[in-house]
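One structure is given here, and the rest of the page talks about it.
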Amino acid sequence: MADSRDLNQVRADIDAIDRDIQALITRRAECAQRVAQIKLAEMLAARSRGEPVTEVNYYRPEREAQVLQRIIERDRGPLGGTTVAHIFREIMSACLALERPLQVAYLGPEGTFTQAAALKHFGHAAICVPQHTIDAVFAEVQSGDCNYGVVPVENSTEGMVSHTLDSFMDSPLKISGEVEMRIGHHLLVAAATPSESVTRICAHQQALAQCRNWLDLHWPLVPREAVSSNGEAARLAATTPGVAAVAGDMAAELYQLEILAEHIEDYPDNTTRFLVIGREEVPPSGRDKTSLIVSSRNKPGALFSLLDPFRRAGVSLTRIDTRPSRTEKWAYVFFIEFEGHLQDDNVRGIVAELEEQSILLKPLGSYPQAVL
Ligand SMILES: O=C(O)C(=O)C[C@]1(C(=O)O)C=C[C@@H](O)C=C1
C-alpha cells in the first residue's frame with residue numbers, strides 16, 4: 001500500500017516536471033522565432049545598404065556545436081551528457097524548423113547509413129532528400145535546391161571514399177560539418193524466412209568487405225552480390241525470396257526485416273565519417289577542423305615542405321590523403337585536414353606558406369568538430 005502511494009507521488013512529480021519542461025521548450029521555441037525575425041531584419045538592412053546579401057543563414061553550425069558541447073560539459077546526471085545532448089539536438093532541430101525547415105540532400109536510397117548520419121547531424125525536423133550519387137548530392141546543394149548535403153568520406157576499416165574527395169576538386173562548395181557513425185551491420189531477411197532458404201546475400205561492396213571474415217566463417221557457400229547500397233540490399237531482401245541483406249538498423253526498420261544475426265562486422269569499432277557540404281563558410285566555434293586540397297611542384301622533399309609549416313606552428317594533422325591530379329600525369333594532390341580554423345592566426349600563417357610553395361591550394365572550409 002505504502003509502495004503504491006510512493007509510486008503515485010513520484011508520478012505526480014514527473015507530471016509536474018513534464019509541465020515545466022514543456023513550458024520551457026515553448027519559451028525556447030519562441031526565442032528561436034525571435035532569432036529568425038532578427039536575422040531577417042539584419043539581412044534586409046544589409047541589402048538596403050547595398051551589401052551583396054543573398055539569403056538568411058538561419059542554420060548556424062558553429063552555434064549548434066557550442067550549445068551541444070556545453071550541454072555535454074555541464075551534465076552531471078544519470079543519463080550522461082551525450083544522451084542529453086541528443087535530446088537537445090532534436091529540440092534545436094525543431095526550433096530551426098520553425099525559423100525555416102532545412103532541405104538536406106544525402107547519398108540514398110532511404111535506409112542507408114548516410115541518411116542516419118544526416119538525421120544525427122540535423123535532427124529529425126530536417127527534410128532529408130535521397131540522391132542516387134555523390135555527384136547528385138553536390139549538384140543539389142550547388143543549385144540551391146537543397147541547403148546542405150551529406151556524403152561519406154572515410155571508413156575506419158575500408159579507407160577513404162575517393163569519389164567524395166574527387167568531387168571537391170571541381171566544386172565551389174564548402175565543408176560545414178562532420179558526422180561520425182558507428183556502423184553496425186546485421187544479416188537481415190524478410191519476416192518468417194528460414195535461414196536454410198537464403199540463396200544470395202546482397203549488400204554494398206563496402207559492407208560485404210566489412211563483414212568478410214564473418215560471412216566466410218558462417219555463410220561460406222552462399223554467393224554474395226554487391227549492389228548499389230545497403231538500402232537497396234534491404235529492399236531486395238524484402239521483395240525477393242531467398243535474398244538476405246547486410247545492412248543496418250534503419251534499413252531493417254524501414255523494410256520491416258528480421259535480424260538473422262546481429263553485429264556481424266569484423267571490427268567492432270567500425271566507424272564511417274561523413275561530411276556536411278554547404279554554400280557558406282562557417283565562423284569559428286572554438287573547436288574546429290579545416291580541410292584543404294594542395295598540390296606541390298614535383299620535386300624532392302615536396303611533401304616534407306608542405307607538412308613542415310604545420311609542425312612548426314604546432315598544429316595537429318588529423319588526416320592526409322593522396323589522389324592523382326587528373327590534369328597532369330604522375331602528379332598528385334593532397335587532401336589535408338587539421339585542427340583549427342582558417343580565421344586563426346597560426347592557420348593563416350600556414351596557408352600563406354603553403355600558397356608560396358604549391359601550384360594549387362584550395363581551402364575546402366573550416367567547420368566544428370563532431371560533437372555527438
Ligand atoms: O542561435 C541561433 O542563431 C538560432 O537560430 C537558434 C538555434 C537554437 O535553437 O538554439 C536554432 C538554429 C540554429 O542553427 C542555431 C541555434
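Going through the C-alpha cells in order, the chains are called A, B, and so on, while each chain numbers its residues from 1 and the ligands are numbered from 1 in the order shown.
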Any chance you could tabulate, as a tab-separated table, the residues of chain A at most 7 Å from ligand 1 with each one's nearest atom pair and distance in Å to one decimal, using only C-alpha atoms and all ligand atoms, in chain and rising number order?
```
residue	atom	partner	partner_atom_place_in_ligand_line	distance
A:Ala32	CA	ligand 1	6 (C)	5.0
A:Val35	CA	ligand 1	5 (O)	5.6
A:Ala36	CA	ligand 1	5 (O)	6.3
A:Tyr58	CA	ligand 1	5 (O)	5.5
A:Tyr59	CA	ligand 1	14 (O)	3.5
A:Arg60	CA	ligand 1	14 (O)	3.8
A:Pro61	CA	ligand 1	14 (O)	5.7
A:Arg63	CA	ligand 1	15 (C)	5.3
A:Glu64	CA	ligand 1	15 (C)	5.0
A:Met92	CA	ligand 1	9 (O)	4.0
A:Ser93	CA	ligand 1	9 (O)	6.9
A:Cys95	CA	ligand 1	9 (O)	4.9
A:Leu96	CA	ligand 1	12 (C)	4.3
```
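Every protein or nucleic acid residue with an atom no more than 10 Å from stretch 75-88 of chain A, counting only C-alpha atoms and leaving out same-chain residues fewer than 5 positions away, appears here: Glu64, Val67, Leu68, Gln69, Arg70, Ser93, Ala94, Lys120, His121, Gly123, Val371 and Leu372 of chain A.
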Exercise. Run DSSP on the backbone and give me the residues of stretch 231-290 of chain A it puts in helix (DSSP H, G or I), as a PyMOL selection string.
Key: chain A and resi 231-239+249-254
Could the residues in this selection be saved with N, CA and C atoms as a JSON list (two decimals), in the first residue's frame?
```json
[["chain", "number", "residue", "atom", "x", "y", "z"],
["A", 231, "GLY", "N", 20.72, 0.09, -48.49],
["A", 231, "GLY", "CA", 19.27, 0.33, -48.54],
["A", 231, "GLY", "C", 18.65, -0.50, -49.66],
["A", 232, "GLU", "N", 19.34, -0.54, -50.82],
["A", 232, "GLU", "CA", 18.84, -1.33, -51.96],
["A", 232, "GLU", "C", 18.88, -2.82, -51.61],
["A", 233, "ALA", "N", 19.93, -3.25, -50.90],
["A", 233, "ALA", "CA", 20.02, -4.66, -50.50],
["A", 233, "ALA", "C", 18.83, -5.01, -49.61],
["A", 234, "ALA", "N", 18.49, -4.11, -48.69],
["A", 234, "ALA", "CA", 17.37, -4.37, -47.77],
["A", 234, "ALA", "C", 16.06, -4.43, -48.55],
["A", 235, "ARG", "N", 15.92, -3.53, -49.54],
["A", 235, "ARG", "CA", 14.69, -3.55, -50.36],
["A", 235, "ARG", "C", 14.58, -4.90, -51.09],
["A", 236, "LEU", "N", 15.72, -5.38, -51.62],
["A", 236, "LEU", "CA", 15.71, -6.68, -52.31],
["A", 236, "LEU", "C", 15.32, -7.80, -51.36],
["A", 237, "ALA", "N", 15.87, -7.75, -50.14],
["A", 237, "ALA", "CA", 15.56, -8.80, -49.17],
["A", 237, "ALA", "C", 14.06, -8.82, -48.85],
["A", 238, "ALA", "N", 13.46, -7.62, -48.84],
["A", 238, "ALA", "CA", 12.04, -7.54, -48.51],
["A", 238, "ALA", "C", 11.16, -8.03, -49.65],
["A", 239, "THR", "N", 11.69, -7.96, -50.89],
["A", 239, "THR", "CA", 10.81, -8.23, -52.04],
["A", 239, "THR", "C", 11.18, -9.50, -52.82],
["A", 249, "ASP", "N", 20.41, -0.87, -38.79],
["A", 249, "ASP", "CA", 19.11, -0.78, -38.10],
["A", 249, "ASP", "C", 18.06, -0.03, -38.91],
["A", 250, "MET", "N", 18.49, 1.10, -39.54],
["A", 250, "MET", "CA", 17.50, 1.93, -40.24],
["A", 250, "MET", "C", 16.86, 1.17, -41.37],
["A", 251, "ALA", "N", 17.71, 0.43, -42.14],
["A", 251, "ALA", "CA", 17.20, -0.34, -43.27],
["A", 251, "ALA", "C", 16.28, -1.46, -42.76],
["A", 252, "ALA", "N", 16.67, -2.09, -41.64],
["A", 252, "ALA", "CA", 15.86, -3.18, -41.08],
["A", 252, "ALA", "C", 14.48, -2.66, -40.71],
["A", 253, "GLU", "N", 14.46, -1.48, -40.09],
["A", 253, "GLU", "CA", 13.20, -0.88, -39.65],
["A", 253, "GLU", "C", 12.35, -0.47, -40.85],
["A", 254, "LEU", "N", 13.02, 0.21, -41.80],
["A", 254, "LEU", "CA", 12.29, 0.74, -42.96],
["A", 254, "LEU", "C", 11.60, -0.37, -43.74]]
```
Quiz prompt | Close residues, A:Ser195 itself excluded, 9 Å, only C-alpha atoms, min 6 positions apart in chain, as a ChimeraX atom specification | solution = /A:189,244,260
Just N, CA and C atoms for this one: save the residues we selected as a JSON list (two decimals), in the first residue's frame.
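In the end it all went to part.json:
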```
[["chain", "number", "residue", "atom", "x", "y", "z"],
["A", 189, "VAL", "N", 16.60, -10.63, -43.15],
["A", 189, "VAL", "CA", 15.73, -11.36, -44.09],
["A", 189, "VAL", "C", 14.29, -10.88, -43.90],
["A", 244, "ALA", "N", 19.04, -12.42, -48.67],
["A", 244, "ALA", "CA", 19.32, -11.82, -47.36],
["A", 244, "ALA", "C", 20.15, -10.57, -47.61],
["A", 260, "LEU", "N", 18.66, -12.00, -38.67],
["A", 260, "LEU", "CA", 19.12, -13.40, -38.51],
["A", 260, "LEU", "C", 20.36, -13.43, -37.63]]
```
Quiz item: Hey, can you check how far atom CA of A:Asp269 sits from atom CA of A:Glu158?
Solution: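 Calculated distance between atom CA of A:Asp269 and atom CA of A:Glu158 is 12.4 Å.
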For A:Val243, list every protein, DNA or RNA residue within 6 Å, evaluated using only C-alpha atoms, and leave out those in the same chain fewer than 3 positions away; present the list as a tab-separated table (two decimals) with N, CA and C atoms, in the first residue's frame.
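Okay, this is what ended up in out.tsv:
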```tsv
chain	number	residue	atom	x	y	z
A	198	VAL	N	17.96	-19.10	-47.62
A	198	VAL	CA	18.75	-17.98	-48.15
A	198	VAL	C	19.70	-18.50	-49.24
A	200	ARG	N	21.22	-16.09	-51.55
A	200	ARG	CA	22.02	-14.98	-52.03
A	200	ARG	C	22.11	-13.94	-50.92
A	201	ILE	N	23.32	-13.38	-50.72
A	201	ILE	CA	23.48	-12.32	-49.70
A	201	ILE	C	23.88	-11.04	-50.43
A	237	ALA	N	15.87	-7.75	-50.14
A	237	ALA	CA	15.56	-8.80	-49.17
A	237	ALA	C	14.06	-8.82	-48.85
A	240	THR	N	12.39	-10.04	-52.62
A	240	THR	CA	12.83	-11.17	-53.44
A	240	THR	C	13.08	-12.40	-52.56
```
Quiz item: Of the residues A:Gly248, A:Gly184, A:Gly242, A:Gly278, which is the one nearest to A:Ser143, using only C-alpha atoms?
Solution: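 Selected residue with least distance to A:Ser143: A:Gly278.
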Where in stretch 28-231 of chain A does DSSP assign strand (DSSP E or B), given as a short mmCIF file (atom, residue, chain, number, x, y, z; two decimals) with N, CA and C atoms, in the first residue's frame?
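And here is the file that came out, part-v6.cif:
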```cif
data_model
loop_
_atom_site.label_atom_id
_atom_site.label_comp_id
_atom_site.auth_asym_id
_atom_site.auth_seq_id
_atom_site.Cartn_x
_atom_site.Cartn_y
_atom_site.Cartn_z
N GLN A 103 16.42 21.67 -46.03
CA GLN A 103 16.37 20.57 -47.01
C GLN A 103 17.79 20.00 -47.08
N VAL A 104 17.94 18.72 -46.81
CA VAL A 104 19.27 18.11 -46.78
C VAL A 104 19.33 16.96 -47.79
N ALA A 105 20.21 17.09 -48.78
CA ALA A 105 20.41 16.00 -49.75
C ALA A 105 21.39 15.00 -49.16
N TYR A 106 21.14 13.72 -49.37
CA TYR A 106 22.09 12.71 -48.87
C TYR A 106 22.21 11.58 -49.88
N LEU A 107 23.33 10.84 -49.79
CA LEU A 107 23.52 9.70 -50.67
C LEU A 107 22.56 8.59 -50.23
N ILE A 127 14.35 18.05 -43.55
CA ILE A 127 13.73 17.29 -44.64
C ILE A 127 14.86 16.66 -45.44
N CYS A 128 15.01 15.34 -45.32
CA CYS A 128 16.14 14.65 -45.96
C CYS A 128 15.72 14.13 -47.32
N VAL A 129 16.51 14.46 -48.35
CA VAL A 129 16.13 14.12 -49.72
C VAL A 129 17.17 13.17 -50.31
N PRO A 130 16.79 11.89 -50.60
CA PRO A 130 17.79 10.94 -51.10
C PRO A 130 18.23 11.25 -52.53
N GLN A 131 19.52 11.03 -52.81
CA GLN A 131 20.07 11.21 -54.16
C GLN A 131 20.75 9.90 -54.57
N TYR A 148 21.82 21.86 -47.66
CA TYR A 148 23.06 21.14 -47.30
C TYR A 148 23.03 19.75 -47.90
N GLY A 149 24.21 19.10 -47.89
CA GLY A 149 24.31 17.73 -48.37
C GLY A 149 25.16 16.92 -47.41
N VAL A 150 24.95 15.60 -47.40
CA VAL A 150 25.75 14.71 -46.55
C VAL A 150 26.30 13.57 -47.40
N VAL A 151 27.63 13.41 -47.38
CA VAL A 151 28.29 12.37 -48.18
C VAL A 151 29.31 11.62 -47.31
N PRO A 152 29.51 10.30 -47.56
CA PRO A 152 30.52 9.58 -46.79
C PRO A 152 31.91 9.99 -47.25
N VAL A 153 32.88 10.03 -46.34
CA VAL A 153 34.24 10.39 -46.77
C VAL A 153 35.29 9.35 -46.38
N GLU A 154 35.09 8.63 -45.28
CA GLU A 154 36.06 7.59 -44.95
C GLU A 154 35.46 6.58 -44.00
N ASN A 155 35.98 5.34 -44.11
CA ASN A 155 35.57 4.29 -43.19
C ASN A 155 36.80 3.72 -42.51
N GLY A 159 38.89 2.52 -45.51
CA GLY A 159 39.63 3.67 -46.03
C GLY A 159 38.73 4.73 -46.64
N MET A 160 39.37 5.60 -47.46
CA MET A 160 38.62 6.79 -47.88
C MET A 160 37.68 6.51 -49.04
N LYS A 174 31.53 24.26 -49.78
CA LYS A 174 32.38 24.28 -48.58
C LYS A 174 31.95 23.15 -47.64
N ILE A 175 32.89 22.67 -46.85
CA ILE A 175 32.53 21.70 -45.81
C ILE A 175 32.00 22.49 -44.62
N SER A 176 30.81 22.13 -44.11
CA SER A 176 30.31 22.89 -42.97
C SER A 176 30.14 22.01 -41.73
N GLY A 177 30.49 20.74 -41.85
CA GLY A 177 30.40 19.90 -40.66
C GLY A 177 30.89 18.50 -40.93
N GLU A 178 31.05 17.72 -39.86
CA GLU A 178 31.41 16.31 -39.99
C GLU A 178 30.53 15.50 -39.06
N VAL A 179 30.29 14.25 -39.42
CA VAL A 179 29.47 13.36 -38.59
C VAL A 179 30.17 12.02 -38.53
N GLU A 180 30.26 11.44 -37.35
CA GLU A 180 30.82 10.10 -37.23
C GLU A 180 29.71 9.14 -36.84
N MET A 181 29.69 7.98 -37.48
CA MET A 181 28.67 6.98 -37.16
C MET A 181 29.34 5.65 -36.90
N ARG A 182 29.02 5.04 -35.77
CA ARG A 182 29.41 3.64 -35.55
C ARG A 182 28.58 2.81 -36.51
N HIS A 186 23.87 -5.97 -39.78
CA HIS A 186 23.16 -7.20 -39.40
C HIS A 186 22.87 -8.02 -40.66
N LEU A 187 22.64 -9.32 -40.46
CA LEU A 187 22.17 -10.14 -41.59
C LEU A 187 20.64 -10.15 -41.50
N LEU A 188 19.99 -9.65 -42.55
CA LEU A 188 18.55 -9.37 -42.49
C LEU A 188 17.78 -10.18 -43.52
N VAL A 189 16.60 -10.63 -43.15
CA VAL A 189 15.73 -11.36 -44.09
C VAL A 189 14.29 -10.88 -43.90
N ARG A 200 21.22 -16.09 -51.55
CA ARG A 200 22.02 -14.98 -52.03
C ARG A 200 22.11 -13.94 -50.92
N ILE A 201 23.32 -13.38 -50.72
CA ILE A 201 23.48 -12.32 -49.70
C ILE A 201 23.88 -11.04 -50.43
N CYS A 202 23.05 -10.00 -50.31
CA CYS A 202 23.31 -8.74 -51.03
C CYS A 202 23.71 -7.64 -50.05
N ALA A 203 24.59 -6.76 -50.51
CA ALA A 203 24.97 -5.58 -49.72
C ALA A 203 25.82 -4.67 -50.61
N ARG A 224 27.66 -14.08 -52.69
CA ARG A 224 27.44 -12.69 -52.26
C ARG A 224 27.34 -11.81 -53.50
N GLU A 225 26.49 -10.80 -53.41
CA GLU A 225 26.32 -9.93 -54.56
C GLU A 225 26.39 -8.47 -54.11
N ALA A 226 27.29 -7.71 -54.75
CA ALA A 226 27.41 -6.28 -54.42
C ALA A 226 26.30 -5.52 -55.15
#
```
Quiz item: Got a sec: who's within 7 Å of A:Ser358, counting only C-alpha atoms, leaving out chain neighbours fewer than 3 positions off, as an MDAnalysis selection string?
Solution: chainID A and resid 294:297 354:355 361
Writer output for current selection, C-alpha atoms, as a CSV table (one decimal), in the first residue's frame:
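Everything below was put into out.csv:
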```
chain,number,residue,atom,x,y,z
A,294,VAL,CA,47.1,21.3,-52.0
A,295,SER,CA,49.3,20.2,-54.9
A,296,SER,CA,53.0,20.9,-54.9
A,297,ARG,CA,55.6,21.1,-57.6
A,354,LEU,CA,51.6,26.7,-48.5
A,355,GLU,CA,50.4,29.2,-51.1
A,361,LEU,CA,45.8,25.5,-52.9
```
